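Next up, my_file12.cif (mmCIF, C-alpha atoms):
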```
data_upload
#
loop_
_atom_site.group_PDB
_atom_site.id
_atom_site.type_symbol
_atom_site.label_atom_id
_atom_site.label_comp_id
_atom_site.auth_asym_id
_atom_site.auth_seq_id
_atom_site.Cartn_x
_atom_site.Cartn_y
_atom_site.Cartn_z
ATOM 1 C CA MET A 1 -8.225 12.099 15.858
ATOM 2 C CA LEU A 2 -8.878 8.638 14.445
ATOM 3 C CA SER A 3 -12.173 6.893 13.672
ATOM 4 C CA ILE A 4 -12.155 3.099 13.304
ATOM 5 C CA LEU A 5 -14.622 0.354 12.427
ATOM 6 C CA ILE A 6 -13.651 -3.310 12.727
ATOM 7 C CA ASN A 7 -16.156 -5.617 11.060
ATOM 8 C CA GLY A 8 -18.697 -2.827 11.353
ATOM 9 C CA HIS A 9 -18.150 -2.127 15.055
ATOM 10 C CA PRO A 10 -16.539 1.048 16.494
ATOM 11 C CA THR A 11 -13.564 -0.441 18.306
ATOM 12 C CA GLU A 12 -9.774 -0.447 18.222
ATOM 13 C CA GLN A 13 -9.468 -4.049 19.416
ATOM 14 C CA ILE A 14 -8.676 -6.977 17.128
ATOM 15 C CA SER A 15 -7.799 -10.568 17.954
ATOM 16 C CA VAL A 16 -4.120 -11.389 18.310
ATOM 17 C CA LEU A 17 -4.975 -14.525 16.332
ATOM 18 C CA ASP A 18 -5.892 -12.469 13.267
ATOM 19 C CA ARG A 19 -3.676 -13.567 10.407
ATOM 20 C CA GLY A 20 -3.055 -9.975 9.379
ATOM 21 C CA PHE A 21 -1.320 -9.464 12.720
ATOM 22 C CA GLN A 22 0.294 -12.909 12.792
ATOM 23 C CA TYR A 23 1.595 -13.125 9.206
ATOM 24 C CA GLY A 24 0.792 -9.935 7.307
ATOM 25 C CA ASP A 25 -1.828 -12.068 5.565
ATOM 26 C CA GLY A 26 -3.944 -9.396 3.963
ATOM 27 C CA LEU A 27 -4.267 -6.279 1.836
ATOM 28 C CA PHE A 28 -4.918 -2.586 2.264
ATOM 29 C CA GLU A 29 -6.098 0.443 0.323
ATOM 30 C CA THR A 30 -5.449 4.101 1.116
ATOM 31 C CA LEU A 31 -8.039 6.524 -0.222
ATOM 32 C CA ARG A 32 -8.277 10.274 -0.184
ATOM 33 C CA ILE A 33 -11.493 11.691 1.314
ATOM 34 C CA SER A 34 -12.738 14.974 -0.116
ATOM 35 C CA ASN A 35 -15.808 16.653 1.385
ATOM 36 C CA GLY A 36 -16.780 13.430 3.129
ATOM 37 C CA GLN A 37 -16.546 11.272 -0.018
ATOM 38 C CA PRO A 38 -13.891 8.573 -0.627
ATOM 39 C CA GLN A 39 -12.258 9.323 -3.979
ATOM 40 C CA HIS A 40 -11.831 6.827 -6.834
ATOM 41 C CA TRP A 41 -13.725 4.175 -4.921
ATOM 42 C CA SER A 42 -14.325 1.763 -7.823
ATOM 43 C CA ARG A 43 -10.659 1.798 -8.809
ATOM 44 C CA HIS A 44 -9.513 1.001 -5.281
ATOM 45 C CA MET A 45 -12.117 -1.729 -4.941
ATOM 46 C CA ALA A 46 -11.055 -3.282 -8.249
ATOM 47 C CA ARG A 47 -7.492 -3.563 -6.924
ATOM 48 C CA LEU A 48 -8.729 -4.875 -3.569
ATOM 49 C CA VAL A 49 -10.889 -7.540 -5.218
ATOM 50 C CA ASN A 50 -8.022 -8.551 -7.497
ATOM 51 C CA GLY A 51 -5.731 -8.875 -4.490
ATOM 52 C CA CYS A 52 -8.263 -10.945 -2.551
ATOM 53 C CA GLU A 53 -8.713 -13.280 -5.509
ATOM 54 C CA ARG A 54 -4.977 -13.705 -6.006
ATOM 55 C CA LEU A 55 -4.375 -14.426 -2.317
ATOM 56 C CA GLY A 56 -7.481 -16.554 -1.887
ATOM 57 C CA ILE A 57 -8.958 -14.239 0.756
ATOM 58 C CA ALA A 58 -12.744 -13.995 1.066
ATOM 59 C CA THR A 59 -13.701 -10.685 -0.535
ATOM 60 C CA PRO A 60 -15.810 -8.558 1.835
ATOM 61 C CA ASP A 61 -19.277 -7.437 0.753
ATOM 62 C CA LEU A 62 -18.464 -4.340 -1.300
ATOM 63 C CA GLU A 63 -21.843 -2.663 -0.736
ATOM 64 C CA CYS A 64 -21.430 -3.076 3.012
ATOM 65 C CA LEU A 65 -17.840 -1.827 2.769
ATOM 66 C CA LYS A 66 -18.940 1.233 0.806
ATOM 67 C CA ALA A 67 -21.732 2.071 3.244
ATOM 68 C CA GLU A 68 -19.310 1.833 6.180
ATOM 69 C CA ALA A 69 -16.675 3.889 4.378
ATOM 70 C CA GLU A 70 -19.086 6.678 3.460
ATOM 71 C CA SER A 71 -20.659 6.782 6.921
ATOM 72 C CA LEU A 72 -17.289 6.845 8.699
ATOM 73 C CA SER A 73 -15.886 9.445 6.289
ATOM 74 C CA ARG A 74 -18.851 11.817 6.613
ATOM 75 C CA ALA A 75 -18.888 11.500 10.391
ATOM 76 C CA PHE A 76 -15.171 12.249 10.584
ATOM 77 C CA VAL A 77 -15.365 15.324 8.366
ATOM 78 C CA ASP A 78 -18.469 16.617 10.172
ATOM 79 C CA GLY A 79 -16.737 16.151 13.499
ATOM 80 C CA SER A 80 -13.532 17.890 12.435
ATOM 81 C CA GLY A 81 -15.084 21.221 11.511
ATOM 82 C CA ALA A 82 -13.366 22.931 8.604
ATOM 83 C CA ASN A 83 -11.234 19.912 7.752
ATOM 84 C CA GLU A 84 -12.698 18.735 4.434
ATOM 85 C CA GLN A 85 -9.780 16.470 3.537
ATOM 86 C CA ALA A 86 -9.011 13.184 5.248
ATOM 87 C CA VAL A 87 -7.562 9.731 4.635
ATOM 88 C CA LEU A 88 -9.397 6.407 4.661
ATOM 89 C CA LYS A 89 -7.384 3.228 5.092
ATOM 90 C CA ILE A 90 -9.157 -0.068 4.422
ATOM 91 C CA THR A 91 -7.442 -3.233 5.610
ATOM 92 C CA VAL A 92 -8.727 -6.713 4.746
ATOM 93 C CA THR A 93 -7.098 -9.758 6.348
ATOM 94 C CA ARG A 94 -7.765 -13.439 5.874
ATOM 95 C CA GLY A 95 -9.326 -13.477 9.330
ATOM 96 C CA SER A 96 -8.599 -15.236 12.619
ATOM 97 C CA GLY A 97 -7.229 -18.745 12.771
ATOM 98 C CA GLY A 98 -5.110 -21.084 14.827
ATOM 99 C CA ARG A 99 -1.379 -21.366 14.996
ATOM 100 C CA GLY A 100 0.572 -22.216 11.815
ATOM 101 C CA TYR A 101 0.648 -21.017 8.224
ATOM 102 C CA ALA A 102 -2.204 -23.248 7.063
ATOM 103 C CA ALA A 103 -5.469 -21.316 6.970
ATOM 104 C CA THR A 104 -7.566 -24.344 7.867
ATOM 105 C CA GLY A 105 -10.967 -23.381 9.215
ATOM 106 C CA VAL A 106 -10.643 -19.662 8.409
ATOM 107 C CA GLN A 107 -13.822 -18.690 6.585
ATOM 108 C CA GLU A 108 -14.541 -15.004 7.157
ATOM 109 C CA SER A 109 -12.146 -12.189 6.398
ATOM 110 C CA THR A 110 -11.598 -9.249 8.733
ATOM 111 C CA ARG A 111 -12.243 -5.702 7.522
ATOM 112 C CA VAL A 112 -10.829 -2.628 9.238
ATOM 113 C CA LEU A 113 -11.700 0.919 8.209
ATOM 114 C CA ALA A 114 -9.790 3.834 9.726
ATOM 115 C CA VAL A 115 -10.210 7.530 8.940
ATOM 116 C CA SER A 116 -7.552 10.047 9.978
ATOM 117 C CA PRO A 117 -6.649 13.662 9.157
ATOM 118 C CA ALA A 118 -5.051 14.260 5.777
ATOM 119 C CA PRO A 119 -1.283 14.792 5.988
ATOM 120 C CA GLU A 120 -0.161 18.372 5.466
ATOM 121 C CA PHE A 121 2.451 18.783 2.740
ATOM 122 C CA PRO A 122 4.114 22.016 1.619
ATOM 123 C CA ALA A 123 2.366 23.494 -1.429
ATOM 124 C CA SER A 124 5.797 23.773 -3.064
ATOM 125 C CA HIS A 125 5.978 19.977 -3.358
ATOM 126 C CA ALA A 126 3.344 20.075 -6.100
ATOM 127 C CA THR A 127 4.462 23.296 -7.770
ATOM 128 C CA GLN A 128 8.254 23.452 -7.476
ATOM 129 C CA GLY A 129 9.078 19.776 -6.976
ATOM 130 C CA VAL A 130 10.746 17.584 -4.372
ATOM 131 C CA LYS A 131 14.068 15.933 -3.665
ATOM 132 C CA LEU A 132 14.503 12.155 -4.019
ATOM 133 C CA ARG A 133 17.262 9.825 -2.913
ATOM 134 C CA LEU A 134 18.251 6.311 -3.930
ATOM 135 C CA CYS A 135 17.755 3.732 -1.172
ATOM 136 C CA GLU A 136 20.177 0.923 -0.399
ATOM 137 C CA MET A 137 17.271 -1.418 0.334
ATOM 138 C CA ARG A 138 16.270 -3.658 -2.576
ATOM 139 C CA LEU A 139 12.846 -5.059 -3.435
ATOM 140 C CA GLY A 140 12.573 -8.834 -3.669
ATOM 141 C CA GLU A 141 10.983 -10.192 -6.844
ATOM 142 C CA ASN A 142 7.791 -12.225 -6.544
ATOM 143 C CA PRO A 143 5.403 -12.148 -9.536
ATOM 144 C CA ALA A 144 2.651 -13.738 -7.416
ATOM 145 C CA LEU A 145 2.547 -10.614 -5.244
ATOM 146 C CA ALA A 146 3.510 -7.997 -7.834
ATOM 147 C CA GLY A 147 1.051 -5.155 -8.305
ATOM 148 C CA ILE A 148 -1.195 -5.786 -5.276
ATOM 149 C CA LYS A 149 -1.021 -3.796 -2.053
ATOM 150 C CA HIS A 150 -0.393 -6.568 0.456
ATOM 151 C CA LEU A 151 0.391 -6.014 4.121
ATOM 152 C CA ASN A 152 4.041 -7.078 3.935
ATOM 153 C CA ARG A 153 5.736 -3.645 3.932
ATOM 154 C CA LEU A 154 9.005 -4.376 5.756
ATOM 155 C CA GLU A 155 11.068 -3.462 2.693
ATOM 156 C CA GLN A 156 9.434 -0.036 2.642
ATOM 157 C CA VAL A 157 9.813 0.381 6.406
ATOM 158 C CA LEU A 158 13.535 -0.368 6.261
ATOM 159 C CA ALA A 159 14.023 1.820 3.188
ATOM 160 C CA ARG A 160 12.273 4.765 4.827
ATOM 161 C CA ALA A 161 14.517 4.381 7.897
ATOM 162 C CA GLU A 162 17.559 5.158 5.736
ATOM 163 C CA TRP A 163 17.123 8.930 5.945
ATOM 164 C CA ASP A 164 15.801 11.580 8.322
ATOM 165 C CA ASP A 165 16.497 14.685 6.241
ATOM 166 C CA PRO A 166 13.157 16.569 6.060
ATOM 167 C CA ASP A 167 14.202 18.093 2.727
ATOM 168 C CA ILE A 168 14.110 14.643 1.096
ATOM 169 C CA ALA A 169 10.506 13.758 0.324
ATOM 170 C CA GLU A 170 10.927 10.223 -0.983
ATOM 171 C CA GLY A 171 13.346 7.365 -1.598
ATOM 172 C CA LEU A 172 13.487 5.166 -4.683
ATOM 173 C CA LEU A 173 13.948 1.404 -4.535
ATOM 174 C CA MET A 174 15.518 -0.924 -7.079
ATOM 175 C CA ASP A 175 15.157 -4.672 -7.472
ATOM 176 C CA ASN A 176 18.124 -7.043 -7.395
ATOM 177 C CA ASN A 177 18.610 -6.607 -11.145
ATOM 178 C CA ASN A 178 19.197 -2.856 -10.761
ATOM 179 C CA ASN A 179 15.822 -1.896 -12.188
ATOM 180 C CA ILE A 180 14.229 1.108 -10.508
ATOM 181 C CA ILE A 181 10.754 0.014 -9.395
ATOM 182 C CA GLU A 182 9.051 2.629 -7.208
ATOM 183 C CA GLY A 183 9.306 4.925 -4.214
ATOM 184 C CA THR A 184 8.677 3.849 -0.639
ATOM 185 C CA MET A 185 5.147 5.307 -0.939
ATOM 186 C CA SER A 186 4.826 6.243 -4.594
ATOM 187 C CA ASN A 187 5.075 5.251 -8.234
ATOM 188 C CA LEU A 188 7.705 6.786 -10.496
ATOM 189 C CA PHE A 189 7.511 8.379 -13.948
ATOM 190 C CA CYS A 190 10.116 9.992 -16.152
ATOM 191 C CA VAL A 191 10.005 11.741 -19.512
ATOM 192 C CA GLN A 192 12.472 10.803 -22.222
ATOM 193 C CA THR A 193 13.020 13.496 -24.836
ATOM 194 C CA LEU A 194 15.094 12.411 -27.822
ATOM 195 C CA GLU A 195 16.201 14.839 -30.501
ATOM 196 C CA GLY A 196 13.652 15.029 -33.285
ATOM 197 C CA ALA A 197 11.083 12.923 -31.433
ATOM 198 C CA GLU A 198 8.039 13.610 -29.260
ATOM 199 C CA PRO A 199 8.542 13.205 -25.492
ATOM 200 C CA THR A 200 7.805 9.705 -24.172
ATOM 201 C CA LEU A 201 6.453 9.051 -20.689
ATOM 202 C CA LEU A 202 8.097 6.026 -19.057
ATOM 203 C CA THR A 203 7.148 4.185 -15.872
ATOM 204 C CA PRO A 204 8.621 0.996 -14.388
ATOM 205 C CA ALA A 205 7.048 -2.312 -15.366
ATOM 206 C CA LEU A 206 5.575 -3.987 -12.270
ATOM 207 C CA SER A 207 5.356 -7.625 -13.354
ATOM 208 C CA ARG A 208 7.925 -8.832 -10.797
ATOM 209 C CA CYS A 209 7.447 -6.517 -7.806
ATOM 210 C CA GLY A 210 6.023 -3.152 -6.821
ATOM 211 C CA VAL A 211 2.540 -1.739 -6.267
ATOM 212 C CA ARG A 212 0.273 -0.855 -9.180
ATOM 213 C CA GLY A 213 -0.999 2.471 -7.899
ATOM 214 C CA VAL A 214 -4.469 3.777 -8.620
ATOM 215 C CA THR A 215 -3.057 7.196 -9.498
ATOM 216 C CA ARG A 216 -0.438 5.509 -11.682
ATOM 217 C CA ASP A 217 -3.237 3.973 -13.758
ATOM 218 C CA ARG A 218 -5.048 7.312 -13.926
ATOM 219 C CA ILE A 219 -1.881 9.004 -15.199
ATOM 220 C CA LEU A 220 -1.388 6.421 -17.929
ATOM 221 C CA GLU A 221 -5.015 6.829 -18.992
ATOM 222 C CA ALA A 222 -4.623 10.618 -19.007
ATOM 223 C CA ALA A 223 -1.479 10.300 -21.118
ATOM 224 C CA ALA A 224 -3.402 8.253 -23.687
ATOM 225 C CA HIS A 225 -6.232 10.812 -23.707
ATOM 226 C CA LEU A 226 -3.729 13.668 -24.210
ATOM 227 C CA ASN A 227 -1.894 11.751 -26.957
ATOM 228 C CA ILE A 228 1.296 11.625 -24.900
ATOM 229 C CA SER A 229 3.457 8.679 -25.919
ATOM 230 C CA HIS A 230 3.885 6.372 -22.922
ATOM 231 C CA ARG A 231 5.351 2.989 -22.082
ATOM 232 C CA GLU A 232 5.773 0.619 -19.128
ATOM 233 C CA THR A 233 9.321 -0.697 -19.224
ATOM 234 C CA ASP A 234 12.399 -1.626 -17.196
ATOM 235 C CA LEU A 235 14.046 1.566 -15.974
ATOM 236 C CA GLN A 236 17.707 1.905 -15.062
ATOM 237 C CA LEU A 237 19.532 4.681 -13.243
ATOM 238 C CA SER A 238 20.829 5.852 -16.616
ATOM 239 C CA ASP A 239 17.228 6.507 -17.706
ATOM 240 C CA LEU A 240 16.740 8.883 -14.777
ATOM 241 C CA GLN A 241 20.059 10.565 -15.454
ATOM 242 C CA GLN A 242 19.018 11.254 -19.047
ATOM 243 C CA ALA A 243 15.381 12.151 -18.337
ATOM 244 C CA SER A 244 14.097 15.650 -19.031
ATOM 245 C CA GLU A 245 11.330 15.378 -16.399
ATOM 246 C CA VAL A 246 10.712 13.105 -13.421
ATOM 247 C CA PHE A 247 7.713 12.907 -11.088
ATOM 248 C CA ILE A 248 6.163 10.623 -8.460
ATOM 249 C CA SER A 249 2.531 9.877 -7.648
ATOM 250 C CA ASN A 250 0.099 8.307 -5.212
ATOM 251 C CA SER A 251 -3.537 8.717 -4.205
ATOM 252 C CA LEU A 252 -2.841 11.285 -1.485
ATOM 253 C CA ILE A 253 -0.262 13.510 -3.154
ATOM 254 C CA GLY A 254 -1.470 13.294 -6.741
ATOM 255 C CA ILE A 255 1.666 14.255 -8.697
ATOM 256 C CA TRP A 256 4.842 15.707 -7.236
ATOM 257 C CA PRO A 257 7.468 16.823 -9.756
ATOM 258 C CA VAL A 258 11.057 15.908 -8.914
ATOM 259 C CA ARG A 259 13.619 18.693 -8.933
ATOM 260 C CA GLN A 260 16.586 16.747 -7.599
ATOM 261 C CA PHE A 261 17.600 13.096 -7.447
ATOM 262 C CA THR A 262 20.573 12.043 -5.316
ATOM 263 C CA GLN A 263 22.332 8.730 -5.839
ATOM 264 C CA HIS A 264 25.401 8.122 -3.730
ATOM 265 C CA ALA A 265 27.703 11.115 -4.374
ATOM 266 C CA SER A 266 26.010 12.477 -7.502
ATOM 267 C CA GLN A 267 22.976 14.667 -8.023
ATOM 268 C CA HIS A 268 20.692 15.243 -11.001
ATOM 269 C CA GLU A 269 18.538 18.336 -11.399
ATOM 270 C CA TYR A 270 15.231 18.586 -13.261
ATOM 271 C CA GLU A 271 12.768 21.276 -14.281
ATOM 272 C CA VAL A 272 9.017 21.021 -13.860
ATOM 273 C CA GLY A 273 8.337 20.340 -17.533
ATOM 274 C CA PRO A 274 5.318 20.545 -19.834
ATOM 275 C CA VAL A 275 4.403 16.851 -19.692
ATOM 276 C CA THR A 276 4.333 16.888 -15.892
ATOM 277 C CA ARG A 277 2.224 20.054 -15.869
ATOM 278 C CA ARG A 278 -0.290 18.691 -18.398
ATOM 279 C CA LEU A 279 -0.738 15.442 -16.498
ATOM 280 C CA SER A 280 -0.965 17.198 -13.122
ATOM 281 C CA THR A 281 -3.746 19.412 -14.446
ATOM 282 C CA ALA A 282 -5.557 16.449 -15.993
ATOM 283 C CA ILE A 283 -5.714 14.319 -12.850
ATOM 284 C CA GLU A 284 -6.295 17.263 -10.511
ATOM 285 C CA HIS A 285 -9.402 18.355 -12.395
ATOM 286 C CA ALA A 286 -10.833 14.847 -12.789
ATOM 287 C CA THR A 287 -13.516 14.121 -10.205
ATOM 288 C CA GLY A 288 -13.039 10.872 -8.342
ATOM 289 C CA VAL A 289 -16.463 10.338 -6.770
ATOM 290 C CA ALA A 290 -17.903 8.276 -9.661
ATOM 291 C CA GLU A 291 -14.766 6.230 -10.265
#
```
Once you've parsed the file, please lay out its structure as structure tokens.
Amino acid sequence: MLSILINGHPTEQISVLDRGFQYGDGLFETLRISNGQPQHWSRHMARLVNGCERLGIATPDLECLKAEAESLSRAFVDGSGANEQAVLKITVTRGSGGRGYAATGVQESTRVLAVSPAPEFPASHATQGVKLRLCEMRLGENPALAGIKHLNRLEQVLARAEWDDPDIAEGLLMDNNNNIIEGTMSNLFCVQTLEGAEPTLLTPALSRCGVRGVTRDRILEAAAHLNISHRETDLQLSDLQQASEVFISNSLIGIWPVRQFTQHASQHEYEVGPVTRRLSTAIEHATGVAE
């Protein structure tokens, strides 16, 4: 079951001249729907607006976008019976234009809203942790695109094609300087515990590539509120090898602890530690309707 609005109209048809289709010229947001309400709306819109401004795409009317999102989300949940959880994907492209990279004459962006059933994950992913692997695929560095959720996802597509083992929940990608950046669908955190010091939460800096996740920001804010030392920095494989806790995050999964990380022929095991548990509880109990 899939419900779609394109520029406010219930249709699945879009022009082949749309620059999102032609060049990946656009952005997208993936939101969790709970009881018919898109979660953390203002945070997702802030990232969408920032991305539109950076790419020079006409920002859609946010009040109109919100009204469409809420209407589509409620209708989907009402029509699916007991299913109170769903996923809303919002795609904004530069719009339709003629042949060639120049966007001459393109004035109005295209907005696509699609609601689908929430993916079903084993409960053990959140409680006992998941397995990760290191991908061979590398992320290209481009500060102009770093942080935003643009439509060019071929690196993630190729990385995800590297494994078909259902026991592996996610793959981690590095840049060409051997910095670990993120997962194919998630942001990464690890906890460094040095003798005689308080644990420090570390997450990769995203100034050169990677997506600045909404849940990533929420976790960093929760860490500050809980007085957990935290830092955005360059992370190497050695940092993961020495970490006492590792977890991944995104808007649909929340936080998944990592229990095993495989890189080439070696494996590293982790426990679901106190920092991960505190942060999981903090973001799970925070309502997202007003954000």
Could you pull the residues within 6 Å of segment 175-185 of chain A, counting all atoms listed in the file, minus those fewer than 5 positions along the same chain, as a PDB file with C-alpha atoms, in the frame of the given file?
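Below is the file out25.pdb, written as the result:
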```pdb
ATOM      1  CA  ARG A 138      16.270  -3.658  -2.576  1.00  0.00           C
ATOM      2  CA  LEU A 139      12.846  -5.059  -3.435  1.00  0.00           C
ATOM      3  CA  GLN A 156       9.434  -0.036   2.642  1.00  0.00           C
ATOM      4  CA  PRO A 204       8.621   0.996 -14.388  1.00  0.00           C
ATOM      5  CA  LEU A 235      14.046   1.566 -15.974  1.00  0.00           C
ATOM      6  CA  GLN A 236      17.707   1.905 -15.062  1.00  0.00           C
TER       7      GLN A 236
END
```
Give as a JSON list (two decimals) with C-alpha atoms, in the frame of the given file the residues that the PyMOL selection byres ((chain A and resi 154) around 12) matches when applied to the coordinates above.
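And here's out.json as it stands now:
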```
[["chain", "number", "residue", "atom", "x", "y", "z"],
["A", 23, "TYR", "CA", 1.60, -13.12, 9.21],
["A", 24, "GLY", "CA", 0.79, -9.94, 7.31],
["A", 137, "MET", "CA", 17.27, -1.42, 0.33],
["A", 138, "ARG", "CA", 16.27, -3.66, -2.58],
["A", 139, "LEU", "CA", 12.85, -5.06, -3.44],
["A", 140, "GLY", "CA", 12.57, -8.83, -3.67],
["A", 150, "HIS", "CA", -0.39, -6.57, 0.46],
["A", 151, "LEU", "CA", 0.39, -6.01, 4.12],
["A", 152, "ASN", "CA", 4.04, -7.08, 3.94],
["A", 153, "ARG", "CA", 5.74, -3.64, 3.93],
["A", 155, "GLU", "CA", 11.07, -3.46, 2.69],
["A", 156, "GLN", "CA", 9.43, -0.04, 2.64],
["A", 157, "VAL", "CA", 9.81, 0.38, 6.41],
["A", 158, "LEU", "CA", 13.54, -0.37, 6.26],
["A", 159, "ALA", "CA", 14.02, 1.82, 3.19],
["A", 160, "ARG", "CA", 12.27, 4.76, 4.83],
["A", 161, "ALA", "CA", 14.52, 4.38, 7.90],
["A", 184, "THR", "CA", 8.68, 3.85, -0.64]]
```
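Near segment 262-271 of chain A, within 8 Å and counting only C-alpha atoms, sit Lys131, Leu132, Arg133, Leu134, Gln241, Ser244, Glu245, Val246 and Val258 of chain A, not including residues fewer than 4 positions from it in the same chain.
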Contact residues around Leu279 of chain A with only C-alpha atoms at 8 Å, ignoring same-chain residues under 3 positions, as a compact mmCIF listing (two decimals) with C-alpha atoms, in the frame of the given file:
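New file around_1.txt:
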```txt
# COMPACT_ATOMS: atom_id res chain seq x y z
CA ILE A 219 -1.88 9.00 -15.20
CA ALA A 222 -4.62 10.62 -19.01
CA ALA A 223 -1.48 10.30 -21.12
CA VAL A 275 4.40 16.85 -19.69
CA THR A 276 4.33 16.89 -15.89
CA ALA A 282 -5.56 16.45 -15.99
CA ILE A 283 -5.71 14.32 -12.85
```
- [ ] Please provide the set of residues having any atom within 12 Å of Ala197 of chain A, restricted to all atoms listed in the file, with same-chain residues fewer than 5 positions apart removed, written as a ChimeraX atom specification.
- [x] /A:192,228-229
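Distances from A:Val115, A:Leu226, A:Ala144, A:Ile248 to Arg278 of chain A were compared using all atoms listed in the file, and the smallest one belongs to A:Leu226.
The residue set within 7 Å of segment 89-102 of chain A, counting only C-alpha atoms and dropping same-chain residues fewer than 5 places from it, reads Leu17, Asp18, Arg19, Gly20, Asp25, Gly26, Leu27, Phe28, Glu29, Thr30, Leu31, Ile57, Ala58, Glu108, Ser109, Thr110, Arg111, Val112, Leu113, Ala114 and Val115 of chain A.
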How would the residues just chosen look if you wrote them out with C-alpha atoms as a PDB file, keeping the file's coordinate frame?
```
ATOM      1  CA  LEU A  17      -4.975 -14.525  16.332  1.00  0.00           C
ATOM      2  CA  ASP A  18      -5.892 -12.469  13.267  1.00  0.00           C
ATOM      3  CA  ARG A  19      -3.676 -13.567  10.407  1.00  0.00           C
ATOM      4  CA  GLY A  20      -3.055  -9.975   9.379  1.00  0.00           C
ATOM      5  CA  ASP A  25      -1.828 -12.068   5.565  1.00  0.00           C
ATOM      6  CA  GLY A  26      -3.944  -9.396   3.963  1.00  0.00           C
ATOM      7  CA  LEU A  27      -4.267  -6.279   1.836  1.00  0.00           C
ATOM      8  CA  PHE A  28      -4.918  -2.586   2.264  1.00  0.00           C
ATOM      9  CA  GLU A  29      -6.098   0.443   0.323  1.00  0.00           C
ATOM     10  CA  THR A  30      -5.449   4.101   1.116  1.00  0.00           C
ATOM     11  CA  LEU A  31      -8.039   6.524  -0.222  1.00  0.00           C
ATOM     12  CA  ILE A  57      -8.958 -14.239   0.756  1.00  0.00           C
ATOM     13  CA  ALA A  58     -12.744 -13.995   1.066  1.00  0.00           C
ATOM     14  CA  GLU A 108     -14.541 -15.004   7.157  1.00  0.00           C
ATOM     15  CA  SER A 109     -12.146 -12.189   6.398  1.00  0.00           C
ATOM     16  CA  THR A 110     -11.598  -9.249   8.733  1.00  0.00           C
ATOM     17  CA  ARG A 111     -12.243  -5.702   7.522  1.00  0.00           C
ATOM     18  CA  VAL A 112     -10.829  -2.628   9.238  1.00  0.00           C
ATOM     19  CA  LEU A 113     -11.700   0.919   8.209  1.00  0.00           C
ATOM     20  CA  ALA A 114      -9.790   3.834   9.726  1.00  0.00           C
ATOM     21  CA  VAL A 115     -10.210   7.530   8.940  1.00  0.00           C
TER      22      VAL A 115
END
```
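Atom CA of Val191 of chain A is positioned 14.0 Å from atom CA of Asn227 of chain A.
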Reconstruct segment 196-205 of chain A at the level of N, CA, C and O atoms, and format the result as a compact mmCIF listing (two decimals), in the frame of the given file.
```
# COMPACT_ATOMS: atom_id res chain seq x y z
N GLY A 196 14.48 15.30 -32.12
CA GLY A 196 13.65 15.03 -33.28
C GLY A 196 12.45 14.16 -33.02
O GLY A 196 11.72 13.82 -33.95
N ALA A 197 12.21 13.80 -31.76
CA ALA A 197 11.08 12.92 -31.43
C ALA A 197 10.21 13.57 -30.36
O ALA A 197 10.66 14.43 -29.61
N GLU A 198 8.95 13.14 -30.29
CA GLU A 198 8.04 13.61 -29.26
C GLU A 198 8.45 13.02 -27.90
O GLU A 198 8.98 11.90 -27.84
N PRO A 199 8.21 13.75 -26.82
CA PRO A 199 8.54 13.20 -25.49
C PRO A 199 7.77 11.91 -25.23
O PRO A 199 6.63 11.76 -25.64
N THR A 200 8.43 10.98 -24.53
CA THR A 200 7.80 9.70 -24.17
C THR A 200 7.79 9.57 -22.66
O THR A 200 8.81 9.72 -22.00
N LEU A 201 6.61 9.27 -22.12
CA LEU A 201 6.45 9.05 -20.69
C LEU A 201 6.78 7.60 -20.38
O LEU A 201 6.20 6.69 -20.97
N LEU A 202 7.69 7.37 -19.44
CA LEU A 202 8.10 6.03 -19.06
C LEU A 202 7.78 5.79 -17.58
O LEU A 202 7.93 6.69 -16.75
N THR A 203 7.36 4.58 -17.26
CA THR A 203 7.15 4.18 -15.87
C THR A 203 7.58 2.74 -15.72
O THR A 203 7.48 1.95 -16.67
N PRO A 204 8.12 2.36 -14.55
CA PRO A 204 8.62 1.00 -14.39
C PRO A 204 7.54 -0.06 -14.58
O PRO A 204 6.40 0.08 -14.14
N ALA A 205 7.92 -1.14 -15.27
CA ALA A 205 7.05 -2.31 -15.37
C ALA A 205 6.97 -2.96 -13.99
O ALA A 205 7.96 -3.02 -13.26
```
